[in-house]
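So this block is input-v5.txt, compact mmCIF, C-alpha atoms:
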```txt
# COMPACT_ATOMS: atom_id res chain seq x y z
CA MET A 1 28.22 -17.57 -5.73
CA ILE A 2 24.47 -18.13 -6.01
CA ASN A 3 23.44 -21.25 -7.90
CA LYS A 4 20.95 -20.44 -10.65
CA ASN A 5 18.94 -23.62 -10.12
CA ASP A 6 18.65 -22.91 -6.40
CA PHE A 7 17.48 -19.40 -7.18
CA LEU A 8 14.89 -20.67 -9.65
CA ASN A 9 13.56 -22.98 -6.97
CA ASN A 10 13.45 -20.20 -4.35
CA LEU A 11 11.44 -17.88 -6.61
CA HIS A 12 8.79 -20.56 -7.15
CA GLY A 13 5.90 -19.11 -9.19
CA ASN A 14 7.57 -15.71 -9.56
CA VAL A 15 10.23 -16.86 -12.00
CA ALA A 16 10.19 -16.52 -15.78
CA LEU A 17 12.85 -17.41 -18.35
CA TRP A 18 14.55 -15.01 -20.76
CA CYS A 19 16.09 -16.69 -23.80
CA GLY A 20 18.69 -14.58 -25.61
CA ALA A 21 18.28 -13.53 -29.22
CA ASP A 22 21.40 -15.49 -30.21
CA ALA A 23 20.09 -18.83 -28.89
CA ASP A 24 20.58 -21.74 -31.29
CA SER A 25 18.41 -24.85 -31.60
CA GLY A 26 20.35 -26.62 -28.84
CA ASP A 27 19.83 -23.69 -26.47
CA LEU A 28 16.12 -23.63 -27.28
CA ALA A 29 15.82 -27.35 -26.58
CA ARG A 30 17.43 -26.84 -23.17
CA VAL A 31 15.10 -23.92 -22.51
CA ALA A 32 12.09 -26.11 -23.25
CA GLU A 33 13.46 -28.82 -20.95
CA THR A 34 13.92 -26.31 -18.12
CA VAL A 35 10.45 -24.85 -18.63
CA ILE A 36 8.89 -28.31 -18.39
CA GLN A 37 11.04 -29.48 -15.48
CA LYS A 38 10.61 -26.31 -13.37
CA LYS A 39 6.98 -25.77 -14.45
CA ILE A 40 7.77 -22.21 -15.50
CA LYS A 41 4.71 -20.36 -16.76
CA LEU A 42 6.26 -17.54 -18.79
CA LEU A 43 9.01 -17.66 -21.42
CA SER A 44 10.43 -14.68 -23.33
CA VAL A 45 12.07 -15.40 -26.69
CA ALA A 46 13.08 -13.50 -29.81
CA PRO A 47 10.47 -13.48 -32.60
CA ASN A 48 12.47 -15.87 -34.77
CA ALA A 49 12.46 -18.50 -31.99
CA ILE A 50 8.70 -18.72 -31.49
CA HIS A 51 8.09 -21.37 -34.14
CA VAL A 52 10.93 -23.49 -32.71
CA VAL A 53 9.80 -23.38 -29.08
CA TRP A 54 6.06 -23.56 -29.68
CA PRO A 55 5.81 -27.33 -30.46
CA TRP A 56 7.56 -28.15 -27.17
CA VAL A 57 5.34 -26.04 -24.92
CA GLU A 58 1.99 -25.96 -26.73
CA ASN A 59 0.55 -28.73 -24.56
CA ILE A 60 1.69 -27.34 -21.22
CA ASN A 61 0.56 -24.28 -19.32
CA THR A 62 3.43 -22.03 -20.43
CA LYS A 63 2.97 -18.71 -22.22
CA ILE A 64 5.43 -17.65 -24.91
CA ILE A 65 5.99 -13.91 -25.05
CA THR A 66 8.23 -12.20 -27.58
CA ARG A 67 10.16 -8.95 -27.72
CA PHE A 68 10.01 -5.80 -29.86
CA TYR A 69 12.03 -2.60 -29.54
CA PHE A 70 11.64 1.09 -30.32
CA ALA A 71 15.08 2.71 -30.31
CA ASP A 72 14.26 6.40 -30.77
CA LYS A 73 12.77 9.02 -28.47
CA LYS A 74 10.07 9.76 -31.04
CA ILE A 75 7.93 6.99 -32.50
CA THR A 76 6.70 7.40 -36.07
CA GLU A 77 3.56 6.06 -37.72
CA ALA A 78 5.74 3.94 -40.01
CA GLU A 79 7.39 2.30 -36.99
CA ILE A 80 4.00 1.64 -35.41
CA SER A 81 2.76 0.08 -38.64
CA GLN A 82 5.81 -2.19 -38.94
CA ILE A 83 5.77 -3.36 -35.35
CA THR A 84 2.02 -3.98 -35.52
CA GLU A 85 2.59 -6.26 -38.51
CA ASN A 86 5.41 -8.07 -36.70
CA ILE A 87 3.32 -8.55 -33.56
CA ASN A 88 0.47 -10.02 -35.61
CA THR A 89 2.90 -12.48 -37.19
CA ALA A 90 4.22 -13.47 -33.77
CA PHE A 91 0.71 -14.18 -32.49
CA LYS A 92 -0.02 -16.38 -35.51
CA GLN A 93 3.12 -18.40 -34.75
CA GLY A 94 2.07 -19.11 -31.17
CA ALA A 95 3.11 -16.13 -29.03
CA TYR A 96 0.71 -15.31 -26.21
CA GLY A 97 1.91 -11.75 -25.84
CA ALA A 98 4.46 -9.10 -26.75
CA GLN A 99 7.00 -7.20 -24.70
CA VAL A 100 7.44 -3.74 -26.22
CA PHE A 101 10.61 -1.97 -25.08
CA LEU A 102 11.14 1.77 -25.45
CA GLN A 103 12.64 4.81 -23.80
CA TYR A 104 10.48 6.35 -21.10
CA VAL A 105 10.28 9.67 -22.97
CA ALA A 106 8.65 7.81 -25.89
CA LEU A 107 5.90 6.20 -23.81
CA HIS A 108 3.38 9.00 -24.30
CA ASP A 109 3.88 8.81 -28.09
CA LEU A 110 3.31 5.07 -28.12
CA VAL A 111 0.16 5.30 -26.04
CA ALA A 112 -1.25 8.21 -28.02
CA GLN A 113 -0.80 6.37 -31.32
CA THR A 114 -1.83 2.85 -30.30
CA HIS A 115 -4.34 2.92 -27.44
CA VAL A 116 -7.30 3.02 -29.84
CA ILE A 117 -6.16 -0.16 -31.62
CA ARG A 118 -4.92 -1.97 -28.53
CA GLY A 119 -8.12 -3.98 -28.11
CA ASP A 120 -8.07 -5.26 -31.70
CA LEU A 121 -4.34 -5.96 -31.90
CA PHE A 122 -4.06 -7.60 -28.48
CA PHE A 123 -7.48 -9.23 -28.20
CA ASN A 124 -7.03 -11.97 -25.58
CA LYS A 125 -3.27 -11.36 -25.73
CA ASP A 126 -0.80 -9.79 -23.28
CA LEU A 127 0.88 -6.44 -23.81
CA THR A 128 3.92 -5.76 -21.65
CA ILE A 129 5.63 -2.37 -21.67
CA GLY A 130 9.38 -2.56 -21.00
CA LEU A 131 11.25 0.43 -19.55
CA ASP A 132 14.65 1.09 -18.01
CA ILE A 133 14.14 1.89 -14.32
CA ASN A 134 17.14 4.24 -14.46
CA GLU A 135 15.13 6.56 -16.72
CA ILE A 136 12.23 6.93 -14.30
CA ASP A 137 12.24 9.47 -11.47
CA SER A 138 9.89 9.61 -8.50
CA CYS A 139 7.86 12.38 -10.13
CA ASP A 140 7.26 10.21 -13.23
CA TRP A 141 5.38 7.29 -11.71
CA GLU A 142 1.92 8.86 -11.65
CA SER A 143 2.05 9.74 -15.35
CA LEU A 144 3.62 6.39 -16.22
CA PHE A 145 0.88 4.46 -14.46
CA GLU A 146 -1.78 6.60 -16.13
CA ASN A 147 -0.36 5.81 -19.57
CA LEU A 148 -0.21 2.08 -18.83
CA ARG A 149 -3.84 2.11 -17.72
CA LYS A 150 -4.82 4.01 -20.87
CA ILE A 151 -3.19 1.41 -23.11
CA ASN A 152 -4.53 -1.41 -20.90
CA ALA A 153 -1.10 -2.91 -20.34
CA SER A 154 -0.94 -6.45 -18.96
CA ALA A 155 2.40 -5.83 -17.25
CA LEU A 156 5.12 -3.28 -16.65
CA LEU A 157 8.57 -4.80 -17.18
CA LEU A 158 11.44 -2.90 -15.58
CA VAL A 159 14.98 -3.57 -16.77
CA LEU A 160 18.25 -2.46 -15.20
CA SER A 161 20.54 -1.51 -18.06
CA LYS A 162 23.34 -0.27 -15.81
CA ASP A 163 24.01 -0.89 -12.14
CA ALA A 164 26.20 1.62 -10.30
CA GLY A 165 26.66 -0.76 -7.40
CA ASP A 166 26.89 0.87 -3.97
CA ARG A 167 26.40 4.31 -5.55
CA SER A 168 23.16 3.22 -7.18
CA ASP A 169 19.78 4.61 -6.14
CA PHE A 170 18.14 1.39 -7.30
CA VAL A 171 16.44 0.64 -3.98
CA GLY A 172 15.10 4.18 -3.81
CA ARG A 173 13.63 3.86 -7.30
CA ILE A 174 11.86 0.60 -6.47
CA TYR A 175 10.61 2.14 -3.24
CA GLY A 176 9.38 5.21 -5.14
CA MET A 177 7.44 3.02 -7.57
CA LEU A 178 5.76 1.07 -4.79
CA ASP A 179 5.08 4.20 -2.73
CA ASN A 180 3.34 5.80 -5.73
CA TRP A 181 1.46 2.64 -6.73
CA ASN A 182 -2.13 3.36 -7.73
CA PRO A 183 -4.80 0.84 -6.63
CA GLU A 184 -6.42 1.37 -10.05
CA ASN A 185 -3.44 -0.30 -11.71
CA LYS A 186 -4.55 -3.66 -13.09
CA PHE A 187 -1.21 -4.65 -14.63
CA ASP A 188 1.43 -6.95 -13.14
CA LEU A 189 5.02 -6.09 -12.27
CA HIS A 190 7.81 -7.89 -14.13
CA PHE A 191 11.56 -7.39 -13.80
CA ALA A 192 14.58 -8.26 -15.94
CA PHE A 193 17.81 -7.63 -14.05
CA GLY A 194 19.93 -10.21 -15.82
CA PRO A 195 22.05 -12.34 -13.47
CA ASN A 196 21.92 -9.64 -10.77
CA PHE A 197 20.46 -11.80 -8.02
CA GLN A 198 21.10 -9.12 -5.36
CA ARG A 199 18.72 -6.70 -7.10
CA ILE A 200 16.15 -9.44 -7.50
CA GLU A 201 16.28 -10.20 -3.78
CA GLN A 202 16.05 -6.52 -2.83
CA THR A 203 13.03 -6.02 -5.08
CA LYS A 204 11.31 -9.11 -3.79
CA ARG A 205 11.75 -8.01 -0.17
CA LEU A 206 10.45 -4.51 -0.84
CA ILE A 207 7.34 -5.81 -2.58
CA ASN A 208 6.75 -8.31 0.21
CA ALA A 209 6.98 -5.49 2.76
CA LEU A 210 5.14 -2.67 0.94
CA ARG A 211 2.80 -4.19 -1.66
CA PRO A 212 2.26 -7.87 -0.86
CA GLU A 213 -0.89 -7.86 -3.01
CA LEU A 214 1.39 -7.60 -6.07
CA ILE A 215 3.31 -10.81 -5.33
CA LYS A 216 0.94 -13.08 -7.22
CA GLY A 217 1.53 -11.36 -10.57
CA MET A 218 5.20 -10.57 -9.97
CA LYS A 219 7.75 -12.14 -12.35
CA PHE A 220 11.55 -12.06 -12.45
CA PHE A 221 13.05 -12.96 -15.81
CA ILE A 222 16.19 -15.03 -15.40
CA ASN A 223 18.60 -15.22 -18.34
CA PHE A 224 18.94 -18.72 -19.69
```
C-alpha cells encoding of this file:
Amino acid sequence: MINKNDFLNNLHGNVALWCGADADSGDLARVAETVIQKKIKLLSVAPNAIHVVWPWVENINTKIITRFYFADKKITEAEISQITENINTAFKQGAYGAQVFLQYVALHDLVAQTHVIRGDLFFNKDLTIGLDINEIDSCDWESLFENLRKINASALLLVLSKDAGDRSDFVGRIYGMLDNWNPENKFDLHFAFGPNFQRIEQTKRLINALRPELIKGMKFFINF
C-alpha cells in the first residue's frame, strides 16, 4: 500500500489538497496544518469552509479555491445568475479562484453564456473548468480546448468518476489529450483521481514523456 505522506513528498510542487464537503472544524485544522507543513500551494474546499480556512493560510503562499457544480446537460440563465452570485461571495470570503464542474456536453452552453463576463467576474482570479475524462473522446479535444481558450480558463481539471480497471481506456484518453494539445493553450492541467495513485503515476509519466513543458503548472489533487 502506498503511504499518502510519501506520495505527497514525491509529487513535490505538483500536489494540491482536496478537502471534502463534509469536513468538520477538526478536519479543516488538520488540513491547514498539512498545507503549512508540506508547503502546498493550492487547496480546494467547499464554499462553506472558506471562512474557516482563510485565517490559517492568509499569511502564507497558498491559494484557496472553491467548488461549484452544474448538474444538468443544459445550463439556464437562472443557474448562471445564481452561481455568479455564489462565486462573488466566495471571492469576498478569501477564495482565490473557483472550480466549476459540469458535464462535457454542457461546456459550450457555459462558455456561450459567460465568456463575455469572465473578465469582470474573475478579474485577477482563477477559473478552473472541471470535467469527467470518461466523457471526452479523442475527437472532442480540439473543440474543448477552443472553448477553454474562449473563456480564458486558468486550468482544466480532469476527474475520474469511474475506473474500469484493466478494461479502462484511461491511458489512451490521457494520451489523446496530450497528442491533441494546442500550443495556444495557456491554461494548466489539474487532475482529481481520488486515492487512485496508479492513475496519478500513469498521468505523470505520460506528461513527462510527451508534454514536459506542462509539468510546471500540473497539479494532482489528493483527498485529505
Tell me, as a CSV table (one decimal) with C-alpha atoms, in the coordinates of the input, which residues lie within 8 Å of region 89-106 of chain A, counting only C-alpha atoms; anything in the same chain fewer than 5 positions away does not count.
```
chain,number,residue,atom,x,y,z
A,47,PRO,CA,10.5,-13.5,-32.6
A,50,ILE,CA,8.7,-18.7,-31.5
A,51,HIS,CA,8.1,-21.4,-34.1
A,54,TRP,CA,6.1,-23.6,-29.7
A,63,LYS,CA,3.0,-18.7,-22.2
A,64,ILE,CA,5.4,-17.6,-24.9
A,65,ILE,CA,6.0,-13.9,-25.0
A,66,THR,CA,8.2,-12.2,-27.6
A,67,ARG,CA,10.2,-9.0,-27.7
A,68,PHE,CA,10.0,-5.8,-29.9
A,69,TYR,CA,12.0,-2.6,-29.5
A,70,PHE,CA,11.6,1.1,-30.3
A,71,ALA,CA,15.1,2.7,-30.3
A,72,ASP,CA,14.3,6.4,-30.8
A,73,LYS,CA,12.8,9.0,-28.5
A,74,LYS,CA,10.1,9.8,-31.0
A,75,ILE,CA,7.9,7.0,-32.5
A,122,PHE,CA,-4.1,-7.6,-28.5
A,125,LYS,CA,-3.3,-11.4,-25.7
A,126,ASP,CA,-0.8,-9.8,-23.3
A,127,LEU,CA,0.9,-6.4,-23.8
A,128,THR,CA,3.9,-5.8,-21.6
A,129,ILE,CA,5.6,-2.4,-21.7
A,130,GLY,CA,9.4,-2.6,-21.0
A,131,LEU,CA,11.2,0.4,-19.6
A,132,ASP,CA,14.6,1.1,-18.0
A,135,GLU,CA,15.1,6.6,-16.7
A,136,ILE,CA,12.2,6.9,-14.3
```
So how many Å separate CA of Ile222 (chain A) and CA of Ala153 (chain A), to one decimal?
21.7 Å
If we draw a sphere of 10 Å around (27.4, -8.7, -16.4), which residues have at least one atom in it when counting all atoms listed in the file? Please report them as a list in words.
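In the file's frame, the residues around the point are Lys162, Asp163, Phe193, Gly194, Pro195 and Asn196 of chain A.
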Could you tell me how far CA of Met218 (chain A) sits from CA of Ser138 (chain A), in Å to one decimal place?
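Taking CA of Ser138 (chain A) and CA of Met218 (chain A), their separation equals 20.8 Å.
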Can you tell me how far CA of Glu184 (chain A) sits from CA of Ile207 (chain A), in Å to one decimal?
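CA of Glu184 (chain A) sits 17.2 Å away from CA of Ile207 (chain A).
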Using all atoms listed in the file, the residue out of A:Val111, A:Ala155, A:Val15, A:Ala49 with shortest distance to Ser143 (chain A) is A:Val111
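With distances taken over all atoms listed in the file, A:Ser44 is the one residue among A:Asn134, A:Thr84, A:Gln113, A:Ser44 lying closest to Lys219 (chain A).
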Measuring between all atoms listed in the file, which one of A:Cys19, A:Ala46, A:Ile133, A:Ala32 shows the shortest distance to Phe221 (chain A)?
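Closest residue, counting all atoms listed in the file: A:Cys19.
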So that I can check the surroundings of Asn182 (chain A), please list as an NGL selection string every protein, DNA and RNA residue that reaches within 12 Å of it, counting all atoms listed in the file and ignoring chain neighbours fewer than 5 positions away.
:A and (141-146 or 148-149 or 176-177 or 187 or 211 or 214)
Would you mind completing region 154-165 of chain A to all heavy atoms and writing the output as a PDB file, in the coordinates of the input?
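Wrote it out as result10.pdb, contents follow:
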```pdb
ATOM      1  N   SER A 154      -0.831  -5.249 -19.799  1.00  0.00           N
ATOM      2  CA  SER A 154      -0.940  -6.450 -18.960  1.00  0.00           C
ATOM      3  C   SER A 154       0.131  -6.449 -17.885  1.00  0.00           C
ATOM      4  O   SER A 154      -0.080  -7.012 -16.797  1.00  0.00           O
ATOM      5  CB  SER A 154      -0.797  -7.705 -19.827  1.00  0.00           C
ATOM      6  OG  SER A 154      -1.676  -7.679 -20.930  1.00  0.00           O
ATOM      7  N   ALA A 155       1.291  -5.850 -18.204  1.00  0.00           N
ATOM      8  CA  ALA A 155       2.400  -5.830 -17.250  1.00  0.00           C
ATOM      9  C   ALA A 155       3.336  -4.681 -17.563  1.00  0.00           C
ATOM     10  O   ALA A 155       3.450  -4.233 -18.710  1.00  0.00           O
ATOM     11  CB  ALA A 155       3.167  -7.150 -17.266  1.00  0.00           C
ATOM     12  N   LEU A 156       4.002  -4.198 -16.519  1.00  0.00           N
ATOM     13  CA  LEU A 156       5.120  -3.280 -16.650  1.00  0.00           C
ATOM     14  C   LEU A 156       6.383  -4.079 -16.371  1.00  0.00           C
ATOM     15  O   LEU A 156       6.509  -4.699 -15.310  1.00  0.00           O
ATOM     16  CB  LEU A 156       4.995  -2.136 -15.642  1.00  0.00           C
ATOM     17  CG  LEU A 156       6.258  -1.281 -15.423  1.00  0.00           C
ATOM     18  CD1 LEU A 156       6.639  -0.549 -16.708  1.00  0.00           C
ATOM     19  CD2 LEU A 156       6.048  -0.286 -14.281  1.00  0.00           C
ATOM     20  N   LEU A 157       7.298  -4.089 -17.332  1.00  0.00           N
ATOM     21  CA  LEU A 157       8.570  -4.800 -17.180  1.00  0.00           C
ATOM     22  C   LEU A 157       9.682  -3.780 -17.007  1.00  0.00           C
ATOM     23  O   LEU A 157       9.944  -2.971 -17.905  1.00  0.00           O
ATOM     24  CB  LEU A 157       8.839  -5.678 -18.390  1.00  0.00           C
ATOM     25  CG  LEU A 157      10.223  -6.336 -18.492  1.00  0.00           C
ATOM     26  CD1 LEU A 157      10.506  -7.203 -17.271  1.00  0.00           C
ATOM     27  CD2 LEU A 157      10.331  -7.169 -19.758  1.00  0.00           C
ATOM     28  N   LEU A 158      10.342  -3.809 -15.857  1.00  0.00           N
ATOM     29  CA  LEU A 158      11.440  -2.900 -15.580  1.00  0.00           C
ATOM     30  C   LEU A 158      12.766  -3.612 -15.764  1.00  0.00           C
ATOM     31  O   LEU A 158      12.972  -4.694 -15.210  1.00  0.00           O
ATOM     32  CB  LEU A 158      11.322  -2.349 -14.158  1.00  0.00           C
ATOM     33  CG  LEU A 158      10.103  -1.456 -13.912  1.00  0.00           C
ATOM     34  CD1 LEU A 158       9.996  -1.105 -12.437  1.00  0.00           C
ATOM     35  CD2 LEU A 158      10.171  -0.187 -14.762  1.00  0.00           C
ATOM     36  N   VAL A 159      13.649  -3.017 -16.549  1.00  0.00           N
ATOM     37  CA  VAL A 159      14.980  -3.570 -16.770  1.00  0.00           C
ATOM     38  C   VAL A 159      16.000  -2.662 -16.083  1.00  0.00           C
ATOM     39  O   VAL A 159      15.725  -1.488 -15.804  1.00  0.00           O
ATOM     40  CB  VAL A 159      15.302  -3.703 -18.270  1.00  0.00           C
ATOM     41  CG1 VAL A 159      14.261  -4.548 -18.968  1.00  0.00           C
ATOM     42  CG2 VAL A 159      15.389  -2.328 -18.929  1.00  0.00           C
ATOM     43  N   LEU A 160      17.150  -3.210 -15.803  1.00  0.00           N
ATOM     44  CA  LEU A 160      18.250  -2.460 -15.200  1.00  0.00           C
ATOM     45  C   LEU A 160      19.421  -2.525 -16.166  1.00  0.00           C
ATOM     46  O   LEU A 160      20.197  -3.479 -16.171  1.00  0.00           O
ATOM     47  CB  LEU A 160      18.617  -3.074 -13.844  1.00  0.00           C
ATOM     48  CG  LEU A 160      19.701  -2.362 -13.031  1.00  0.00           C
ATOM     49  CD1 LEU A 160      19.256  -0.944 -12.658  1.00  0.00           C
ATOM     50  CD2 LEU A 160      20.041  -3.163 -11.773  1.00  0.00           C
ATOM     51  N   SER A 161      19.529  -1.491 -17.003  1.00  0.00           N
ATOM     52  CA  SER A 161      20.540  -1.510 -18.060  1.00  0.00           C
ATOM     53  C   SER A 161      21.946  -1.297 -17.503  1.00  0.00           C
ATOM     54  O   SER A 161      22.926  -1.802 -18.060  1.00  0.00           O
ATOM     55  CB  SER A 161      20.239  -0.433 -19.106  1.00  0.00           C
ATOM     56  OG  SER A 161      20.252   0.852 -18.501  1.00  0.00           O
ATOM     57  N   LYS A 162      22.043  -0.557 -16.414  1.00  0.00           N
ATOM     58  CA  LYS A 162      23.340  -0.270 -15.810  1.00  0.00           C
ATOM     59  C   LYS A 162      23.187  -0.182 -14.309  1.00  0.00           C
ATOM     60  O   LYS A 162      22.302   0.499 -13.807  1.00  0.00           O
ATOM     61  CB  LYS A 162      23.905   1.048 -16.368  1.00  0.00           C
ATOM     62  CG  LYS A 162      25.303   1.379 -15.880  1.00  0.00           C
ATOM     63  CD  LYS A 162      25.812   2.659 -16.516  1.00  0.00           C
ATOM     64  CE  LYS A 162      27.234   2.984 -16.045  1.00  0.00           C
ATOM     65  NZ  LYS A 162      27.737   4.254 -16.649  1.00  0.00           N
ATOM     66  N   ASP A 163      24.062  -0.877 -13.588  1.00  0.00           N
ATOM     67  CA  ASP A 163      24.010  -0.890 -12.140  1.00  0.00           C
ATOM     68  C   ASP A 163      25.263  -0.208 -11.590  1.00  0.00           C
ATOM     69  O   ASP A 163      26.381  -0.668 -11.839  1.00  0.00           O
ATOM     70  CB  ASP A 163      23.912  -2.325 -11.623  1.00  0.00           C
ATOM     71  CG  ASP A 163      23.588  -2.398 -10.141  1.00  0.00           C
ATOM     72  OD1 ASP A 163      23.719  -1.372  -9.448  1.00  0.00           O
ATOM     73  OD2 ASP A 163      23.203  -3.483  -9.672  1.00  0.00           O
ATOM     74  N   ALA A 164      25.066   0.867 -10.856  1.00  0.00           N
ATOM     75  CA  ALA A 164      26.200   1.620 -10.300  1.00  0.00           C
ATOM     76  C   ALA A 164      26.679   1.058  -8.976  1.00  0.00           C
ATOM     77  O   ALA A 164      27.472   1.697  -8.283  1.00  0.00           O
ATOM     78  CB  ALA A 164      25.805   3.085 -10.140  1.00  0.00           C
ATOM     79  N   GLY A 165      26.192  -0.113  -8.618  1.00  0.00           N
ATOM     80  CA  GLY A 165      26.660  -0.760  -7.400  1.00  0.00           C
ATOM     81  C   GLY A 165      26.253  -0.006  -6.150  1.00  0.00           C
ATOM     82  O   GLY A 165      25.089   0.413  -6.008  1.00  0.00           O
TER      83      GLY A 165
END
```
